[in-house]
Amino acid sequence: RPRVAVLEWCAPLMGCGYWIPELIELAGGEPVLAGPPGGKTPTFLSVDALLEARPDVVIFALCGFDVSRAARELRAPAATDAVDKLRAAGVALFVMDGNALVNRSGPRLVESAEAIAEAVWPNLAGRFGHMGTSHLRGLAEACGALDATD
């Protein structure tokens with residue numbers, strides 16, 4: 001199973017907890033640097049600790065931010081070192097609408113699991129209608145969309 005880190009913040013890096021590890025498992029991934037399912041508070045971590053966990057996929061689902069706002073944060077100087085190191089390690093990087101899909105439990109949890117599955121499994125990209133939309137984009141695509149509007 002692909003190793004998946006969902007991060008709730010990017011500078012400093014912050015792992016996930018609560019229901020998110022279960023969503024990763026439902027999507028067919030193995031959660032890394034996540035609290036146990038059901039309630040541990042997310043923790044701050046270094047980019048070295050993230051790289052040592054050997055994720056195949058990192059999904060940035062920044063707390064309270066949509067994809068475009070998260071992409072702006074990921075291009076800020078405080079986050080670029082981590083992003084550059086993850087890219088250099090060959091990690092697949094995605095940006096998800098944390099506000100709509102990840103940061104609150106609720107009726108959209110099924111969509112959340114679908115979007116994570118689209119990021120984790122390339123053959124599922126677009127299958128559930130999230131990839132390439134305002135809900136989920138590859139990091140390069142999300143940053144490219146910013147360039148087109150700036």
# chains A, B, ... in the order shown; residues from 1 in each chain; ligands from 1
call {"tool": "select_by_dssp", "arguments": {"residues": "chain A", "states": "strand (DSSP E or B)", "output": "ChimeraX atom specification"}}
result
/A:3-7,9-10,13-14,16,30-31,34,44-45,57-60,92-96,131,136-138
call {"tool": "residues_around", "arguments": {"residues": "A:Pro122", "least_positions_apart": "5", "cutoff": "12 Å", "atoms": "only C-alpha atoms", "output": "list in words"}}
result
Pro2, Asp56, Val57, Ala92, Phe94, Ala115, Ile116, Ala117, Arg127, Met131 and Gly138 of chain A
call {"tool": "atom_distance", "arguments": {"atom1": "atom CA of A:Ile20", "atom2": "atom CA of A:Val95"}}
result
15.0 Å
call {"tool": "closest_residue", "arguments": {"among": "A:Cys10, A:Ala71, A:Cys16, A:Val47", "to": "A:Ala145", "atoms": "only C-alpha atoms"}}
result
A:Ala71
call {"tool": "residues_around", "arguments": {"residues": "A:Gly129", "least_positions_apart": "3", "cutoff": "9 Å", "atoms": "only C-alpha atoms", "output": "ChimeraX atom specification"}}
result
/A:114-115,118,125-126,132-133
call {"tool": "write_last_selection", "arguments": {"atoms": "all heavy atoms", "output": "CSV table (one decimal), in the first residue's frame"}}
result
chain,number,residue,atom,x,y,z
A,114,GLU,N,-12.7,9.7,-1.2
A,114,GLU,CA,-12.6,9.6,-2.7
A,114,GLU,C,-11.4,10.4,-3.2
A,114,GLU,O,-10.6,10.0,-4.0
A,114,GLU,CB,-13.8,10.0,-3.4
A,114,GLU,CG,-15.0,9.1,-3.2
A,114,GLU,CD,-16.3,9.7,-3.7
A,114,GLU,OE1,-16.4,10.9,-4.0
A,114,GLU,OE2,-17.3,8.9,-3.8
A,115,ALA,N,-11.3,11.7,-2.7
A,115,ALA,CA,-10.3,12.6,-3.2
A,115,ALA,C,-8.9,12.0,-2.8
A,115,ALA,O,-8.0,12.1,-3.6
A,115,ALA,CB,-10.5,14.0,-2.6
A,118,GLU,N,-8.0,9.3,-5.2
A,118,GLU,CA,-7.5,9.9,-6.5
A,118,GLU,C,-6.1,10.3,-6.4
A,118,GLU,O,-5.4,10.2,-7.4
A,118,GLU,CB,-8.4,11.0,-6.9
A,118,GLU,CG,-9.8,10.6,-7.4
A,118,GLU,CD,-10.6,11.7,-8.0
A,118,GLU,OE1,-10.1,12.4,-8.9
A,118,GLU,OE2,-11.8,11.8,-7.6
A,125,ALA,N,-7.3,8.8,-10.8
A,125,ALA,CA,-7.3,10.2,-10.9
A,125,ALA,C,-8.5,10.7,-11.8
A,125,ALA,O,-8.6,10.2,-12.9
A,125,ALA,CB,-6.0,10.8,-11.5
A,126,GLY,N,-9.4,11.4,-11.2
A,126,GLY,CA,-10.6,11.9,-11.9
A,126,GLY,C,-11.8,11.0,-11.8
A,126,GLY,O,-12.9,11.3,-12.2
A,132,GLY,N,-8.1,17.8,-10.3
A,132,GLY,CA,-8.1,18.8,-11.3
A,132,GLY,C,-9.2,19.9,-11.1
A,132,GLY,O,-9.3,20.8,-11.8
A,133,THR,N,-9.9,19.7,-9.9
A,133,THR,CA,-11.0,20.7,-9.6
A,133,THR,C,-10.5,21.6,-8.4
A,133,THR,O,-9.4,21.5,-8.0
A,133,THR,CB,-12.3,20.0,-9.2
A,133,THR,OG1,-12.1,19.3,-8.0
A,133,THR,CG2,-12.6,18.9,-10.3
call {"tool": "closest_residue", "arguments": {"among": "A:Leu26, A:Leu62, A:Ala70, A:Ala140", "to": "A:Val102", "atoms": "only C-alpha atoms"}}
result
A:Leu62
call {"tool": "residues_around", "arguments": {"residues": "A:Ala142", "least_positions_apart": "3", "cutoff": "12 Å", "atoms": "only C-alpha atoms", "output": "tab-separated table (two decimals) with N, CA, C and O atoms, in the first residue's frame"}}
result
chain	number	residue	atom	x	y	z
A	60	PHE	N	-1.20	18.08	0.96
A	60	PHE	CA	-1.31	19.27	1.79
A	60	PHE	C	-2.78	19.67	1.84
A	60	PHE	O	-3.36	20.05	0.82
A	66	ASP	N	-8.68	26.76	1.02
A	66	ASP	CA	-9.00	26.07	-0.23
A	66	ASP	C	-7.69	25.81	-0.98
A	66	ASP	O	-6.60	26.15	-0.51
A	67	VAL	N	-7.79	25.20	-2.15
A	67	VAL	CA	-6.60	24.80	-2.91
A	67	VAL	C	-5.75	26.00	-3.29
A	67	VAL	O	-4.52	25.99	-3.13
A	68	SER	N	-6.36	27.07	-3.77
A	68	SER	CA	-5.55	28.21	-4.22
A	68	SER	C	-4.85	28.91	-3.05
A	68	SER	O	-3.69	29.29	-3.17
A	69	ARG	N	-5.53	29.05	-1.93
A	69	ARG	CA	-4.88	29.67	-0.78
A	69	ARG	C	-3.76	28.78	-0.24
A	69	ARG	O	-2.68	29.25	0.13
A	70	ALA	N	-3.99	27.46	-0.23
A	70	ALA	CA	-2.95	26.53	0.22
A	70	ALA	C	-1.74	26.60	-0.72
A	70	ALA	O	-0.59	26.60	-0.26
A	71	ALA	N	-1.98	26.69	-2.03
A	71	ALA	CA	-0.87	26.78	-2.99
A	71	ALA	C	-0.06	28.05	-2.74
A	71	ALA	O	1.18	28.03	-2.83
A	72	ARG	N	-0.72	29.15	-2.43
A	72	ARG	CA	0.01	30.39	-2.10
A	72	ARG	C	0.92	30.18	-0.89
A	72	ARG	O	2.06	30.62	-0.87
A	73	GLU	N	0.38	29.52	0.14
A	73	GLU	CA	1.18	29.26	1.35
A	73	GLU	C	2.37	28.36	1.03
A	73	GLU	O	3.45	28.53	1.58
A	74	LEU	N	2.17	27.39	0.13
A	74	LEU	CA	3.24	26.46	-0.22
A	74	LEU	C	4.33	27.11	-1.06
A	74	LEU	O	5.44	26.59	-1.13
A	75	ARG	N	4.02	28.23	-1.69
A	75	ARG	CA	5.03	28.96	-2.46
A	75	ARG	C	5.74	30.01	-1.62
A	75	ARG	O	6.72	30.61	-2.07
A	93	LEU	N	3.17	15.06	-4.84
A	93	LEU	CA	2.64	16.15	-4.01
A	93	LEU	C	1.30	16.64	-4.54
A	93	LEU	O	1.16	16.94	-5.72
A	94	PHE	N	0.34	16.76	-3.62
A	94	PHE	CA	-0.99	17.21	-3.97
A	94	PHE	C	-1.46	18.28	-2.99
A	94	PHE	O	-0.99	18.34	-1.86
A	95	VAL	N	-2.41	19.08	-3.45
A	95	VAL	CA	-3.05	20.08	-2.59
A	95	VAL	C	-4.54	19.78	-2.61
A	95	VAL	O	-5.14	19.64	-3.67
A	96	MET	N	-5.11	19.67	-1.42
A	96	MET	CA	-6.53	19.37	-1.28
A	96	MET	C	-7.21	20.53	-0.55
A	96	MET	O	-6.57	21.21	0.27
A	97	ASP	N	-8.46	20.74	-0.83
A	97	ASP	CA	-9.23	21.76	-0.13
A	97	ASP	C	-9.46	21.29	1.30
A	97	ASP	O	-10.38	20.51	1.57
A	131	MET	N	-10.04	15.25	-8.87
A	131	MET	CA	-8.72	15.64	-9.37
A	131	MET	C	-8.87	16.72	-10.45
A	131	MET	O	-9.69	16.60	-11.35
A	132	GLY	N	-8.08	17.77	-10.31
A	132	GLY	CA	-8.08	18.85	-11.29
A	132	GLY	C	-9.17	19.87	-11.05
A	132	GLY	O	-9.34	20.79	-11.85
A	133	THR	N	-9.90	19.74	-9.95
A	133	THR	CA	-10.95	20.69	-9.62
A	133	THR	C	-10.51	21.56	-8.45
A	133	THR	O	-9.38	21.45	-7.98
A	134	SER	N	-11.43	22.35	-7.95
A	134	SER	CA	-11.12	23.19	-6.80
A	134	SER	C	-10.97	22.37	-5.52
A	134	SER	O	-10.63	22.92	-4.48
A	135	HIS	N	-11.19	21.07	-5.59
A	135	HIS	CA	-11.04	20.20	-4.42
A	135	HIS	C	-9.69	19.51	-4.33
A	135	HIS	O	-9.23	19.23	-3.23
A	136	LEU	N	-9.06	19.23	-5.48
A	136	LEU	CA	-7.81	18.46	-5.46
A	136	LEU	C	-7.02	18.72	-6.73
A	136	LEU	O	-7.55	18.61	-7.83
A	137	ARG	N	-5.74	19.06	-6.54
A	137	ARG	CA	-4.85	19.25	-7.69
A	137	ARG	C	-3.45	18.80	-7.31
A	137	ARG	O	-3.07	18.82	-6.14
A	138	GLY	N	-2.69	18.41	-8.32
A	138	GLY	CA	-1.27	18.20	-8.09
A	138	GLY	C	-0.67	19.55	-7.71
A	138	GLY	O	-1.18	20.61	-8.11
A	139	LEU	N	0.40	19.54	-6.94
A	139	LEU	CA	0.99	20.80	-6.48
A	139	LEU	C	1.41	21.67	-7.66
A	139	LEU	O	1.14	22.87	-7.66
A	145	ALA	N	-1.97	27.27	-11.69
A	145	ALA	CA	-3.23	28.00	-11.73
A	145	ALA	C	-3.07	29.38	-11.09
A	145	ALA	O	-3.68	30.36	-11.55
A	146	LEU	N	-2.23	29.47	-10.06
A	146	LEU	CA	-1.96	30.77	-9.45
A	146	LEU	C	-1.26	31.70	-10.44
A	146	LEU	O	-1.59	32.88	-10.56
A	147	ASP	N	-0.27	31.14	-11.16
A	147	ASP	CA	0.48	31.92	-12.12
A	147	ASP	C	-0.45	32.48	-13.21
A	147	ASP	O	-0.26	33.58	-13.68
A	148	ALA	N	-1.44	31.69	-13.59
A	148	ALA	CA	-2.37	32.10	-14.65
A	148	ALA	C	-3.27	33.24	-14.19
A	148	ALA	O	-3.75	34.01	-15.01
A	149	THR	N	-3.49	33.36	-12.87
A	149	THR	CA	-4.37	34.40	-12.36
A	149	THR	C	-3.62	35.60	-11.81
A	149	THR	O	-4.22	36.62	-11.54
call {"tool": "atom_distance", "arguments": {"atom1": "atom CA of A:Pro31", "atom2": "atom CA of A:Arg3"}}
result
6.0 Å
call {"tool": "atom_distance", "arguments": {"atom1": "atom CA of A:Val110", "atom2": "atom CA of A:Leu45"}}
result
27.8 Å
call {"tool": "closest_residue", "arguments": {"among": "A:Ala78, A:Leu50, A:Ala113, A:Leu101", "to": "A:Ala5", "atoms": "only C-alpha atoms"}}
result
A:Leu50
call {"tool": "select_by_dssp", "arguments": {"residues": "stretch 6-123 of chain A", "states": "helix (DSSP H, G or I)", "output": "MDAnalysis selection string"}}
result
chainID A and resid 20:26 47:52 67:75 77:88 98:102 109:120 122:123
call {"tool": "write_last_selection", "arguments": {"atoms": "C-alpha atoms", "output": "compact mmCIF listing (two decimals), in the first residue's frame"}}
result
# COMPACT_ATOMS: atom_id res chain seq x y z
CA ILE A 20 -7.89 11.49 8.77
CA PRO A 21 -5.78 8.30 9.24
CA GLU A 22 -8.98 6.29 8.79
CA LEU A 23 -9.75 8.19 5.57
CA ILE A 24 -6.27 7.34 4.27
CA GLU A 25 -6.87 3.67 5.07
CA LEU A 26 -10.30 3.74 3.38
CA VAL A 47 11.01 17.91 6.85
CA ASP A 48 13.74 15.41 7.77
CA ALA A 49 11.28 13.42 9.92
CA LEU A 50 8.81 13.50 7.03
CA LEU A 51 11.44 12.24 4.58
CA GLU A 52 12.55 9.52 7.03
CA VAL A 67 -6.60 24.80 -2.91
CA SER A 68 -5.55 28.21 -4.22
CA ARG A 69 -4.88 29.67 -0.78
CA ALA A 70 -2.95 26.53 0.22
CA ALA A 71 -0.87 26.78 -2.99
CA ARG A 72 0.01 30.39 -2.10
CA GLU A 73 1.18 29.26 1.35
CA LEU A 74 3.24 26.46 -0.22
CA ARG A 75 5.03 28.96 -2.46
CA PRO A 77 9.58 31.19 1.51
CA ALA A 78 8.81 29.43 4.81
CA ALA A 79 7.46 26.36 2.96
CA THR A 80 9.62 26.13 -0.16
CA ASP A 81 12.50 24.27 1.49
CA ALA A 82 10.22 21.42 2.54
CA VAL A 83 8.47 21.34 -0.85
CA ASP A 84 11.80 21.33 -2.71
CA LYS A 85 13.16 18.47 -0.58
CA LEU A 86 10.00 16.41 -1.07
CA ARG A 87 10.11 16.97 -4.84
CA ALA A 88 13.79 15.98 -4.93
CA GLY A 98 -8.70 21.33 3.59
CA ASN A 99 -11.61 23.55 4.49
CA ALA A 100 -14.18 21.65 2.42
CA LEU A 101 -12.91 18.08 2.65
CA VAL A 102 -10.53 17.40 5.50
CA LEU A 109 -16.24 12.36 4.54
CA VAL A 110 -17.02 10.01 1.65
CA GLU A 111 -15.87 12.69 -0.80
CA SER A 112 -12.75 13.15 1.32
CA ALA A 113 -11.88 9.46 1.05
CA GLU A 114 -12.56 9.56 -2.70
CA ALA A 115 -10.27 12.57 -3.18
CA ILE A 116 -7.50 10.93 -1.17
CA ALA A 117 -7.90 7.78 -3.29
CA GLU A 118 -7.54 9.87 -6.46
CA ALA A 119 -4.25 11.28 -5.15
CA VAL A 120 -2.94 7.93 -3.91
CA PRO A 122 -2.93 7.40 -10.31
CA ASN A 123 -5.33 5.09 -12.15
call {"tool": "closest_residue", "arguments": {"among": "A:Val58, A:Gly144, A:Val6, A:Ala11", "to": "A:Ala34", "atoms": "only C-alpha atoms"}}
result
A:Val6
